[in-house]
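Below is one structure; the comments refer to it alone.
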Amino acid sequence: MRGVWGTFAVLMLAAGTAWAKGDVIAGPVEAELLKVVDGDTIVVRAKLWPTLVTETHVRLKGIDAPELRGHCPAERQLAEKARRFVAKQTAGRPLRLLDVQQDKYGGRVVARVEAAGHDLGRQLLKAGLARKYDGGKRQGWC
């Protein structure tokens, strides 16, 4: 299985264009939920081209949710609540990825995710299940 960025790189090279790490695909990219990993990471099947589909992990852009393997029981409980919230908001709904870019480690993508026209990251923030995140040092949840 090739990740989204490998697939995009192949498309860009075929078009004679170099693919740079900071490049952003504005989208929308149609996607289908395969798995909710935690409150800020999902696995999707993304339709990149009419006959080109790939599976990848997507980190929700601009937020940080508590970790399932958190440092204290309160963090782990909140993390489970965030994961259930994401599962409920995305269940059976088509997804759209926007502002897609490679994450800083290269193993997944970072994107805004819409489910039924609603920004999933904003919904998590509004529900108190995530914090704003700009890529710097993350705060603890305990």
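Labeling convention for the structure tokens: chains A, B, ... as they appear, residues from 1 per chain, ligands from 1 in order of appearance.
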Quick one: residues within 8 Å of Thr56 in chain A, only C-alpha atoms, excluding same-chain residues fewer than 2 positions away - as a PyMOL selection string? chain A and resi 3-4+43-46+54+58+108-109
With DSSP run on the backbone, what are the strand (DSSP E or B) residues within chain A? I'd like them as a PyMOL selection string. chain A and resi 25+29-38+41-49+52-60+63-64+95-102+109-115+118-119+131-132
Compile the contact shell of Ala130 in chain A as a short mmCIF file (atom, residue, chain, number, x, y, z; two decimals) with C-alpha atoms, in the first residue's frame: residues with an atom at most 10 Å away, counting only C-alpha atoms, same-chain residues fewer than 2 positions apart removed.
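Final file, selection.cif:
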```cif
data_model
loop_
_atom_site.label_atom_id
_atom_site.label_comp_id
_atom_site.auth_asym_id
_atom_site.auth_seq_id
_atom_site.Cartn_x
_atom_site.Cartn_y
_atom_site.Cartn_z
CA GLY A 39 -9.45 11.95 18.51
CA ASP A 40 -7.13 13.59 16.00
CA GLY A 62 -4.93 22.61 13.80
CA ILE A 63 -5.93 20.51 16.81
CA ASP A 64 -4.46 18.26 19.48
CA ALA A 65 -6.63 15.67 21.21
CA PRO A 66 -5.72 13.70 24.34
CA LEU A 78 -11.07 12.12 27.59
CA ALA A 79 -9.17 10.48 24.72
CA ALA A 82 -12.85 12.13 21.71
CA GLY A 121 -11.50 19.73 14.10
CA ARG A 122 -13.77 22.66 14.90
CA GLN A 123 -16.41 20.28 16.23
CA LEU A 124 -13.86 18.68 18.57
CA LEU A 125 -12.75 22.11 19.81
CA LYS A 126 -16.33 23.20 20.39
CA ALA A 127 -17.06 19.99 22.32
CA GLY A 128 -14.01 20.57 24.55
CA LYS A 132 -5.83 24.33 19.12
CA TYR A 133 -2.43 23.17 17.89
CA TRP A 141 -3.82 16.86 29.63
#
```
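For the choices A:Arg93, A:Arg138, A:Arg83, A:Lys61, the atom-to-atom distance to Val110 in chain A is smallest for A:Lys61 when using only C-alpha atoms.
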DSSP alpha helix (DSSP H) residues within range 19-83 of chain A, listed as an mmCIF file with C-alpha atoms, in the first residue's frame:
```cif
data_model
loop_
_atom_site.group_PDB
_atom_site.id
_atom_site.type_symbol
_atom_site.label_atom_id
_atom_site.label_comp_id
_atom_site.auth_asym_id
_atom_site.auth_seq_id
_atom_site.Cartn_x
_atom_site.Cartn_y
_atom_site.Cartn_z
ATOM 1 C CA PRO A 73 -6.665 8.246 33.861
ATOM 2 C CA ALA A 74 -8.382 11.586 33.126
ATOM 3 C CA GLU A 75 -6.464 11.986 29.855
ATOM 4 C CA ARG A 76 -7.200 8.422 28.782
ATOM 5 C CA GLN A 77 -10.924 8.861 29.540
ATOM 6 C CA LEU A 78 -11.074 12.121 27.586
ATOM 7 C CA ALA A 79 -9.168 10.478 24.721
ATOM 8 C CA GLU A 80 -11.713 7.675 24.524
ATOM 9 C CA LYS A 81 -14.540 10.223 24.566
ATOM 10 C CA ALA A 82 -12.852 12.128 21.705
ATOM 11 C CA ARG A 83 -12.443 8.912 19.686
#
```
Got a sec: who's within 9 Å of Gln89 in chain A, counting only C-alpha atoms, leaving out chain neighbours fewer than 3 positions off, as a list in words? Arg84, Phe85, Val86, Gly92, Arg93, Ala115, Ala116, Leu120 and Gln123 of chain A
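The smallest atom-to-atom distance between Gly107 in chain A and any of A:Val53, A:Gly22, A:Ala31, A:Arg59, using only C-alpha atoms, is found for A:Arg59.
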Using only C-alpha atoms for the distances, tell me which of A:Gln102, A:Asp38, A:Glu30, A:Arg112 is nearest to Gly70 in chain A.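 Checking each candidate against Gly70 in chain A, we get A:Asp38 as the closest.
For the choices A:Thr41, A:Leu97, A:Thr51, A:His71, the atom-to-atom distance to Ala26 in chain A is smallest for A:Leu97 when using only C-alpha atoms.
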Take CA of Lys104 in chain A and CA of Asp119 in chain A and report the distance between them in Å, one decimal. 22.1 Å
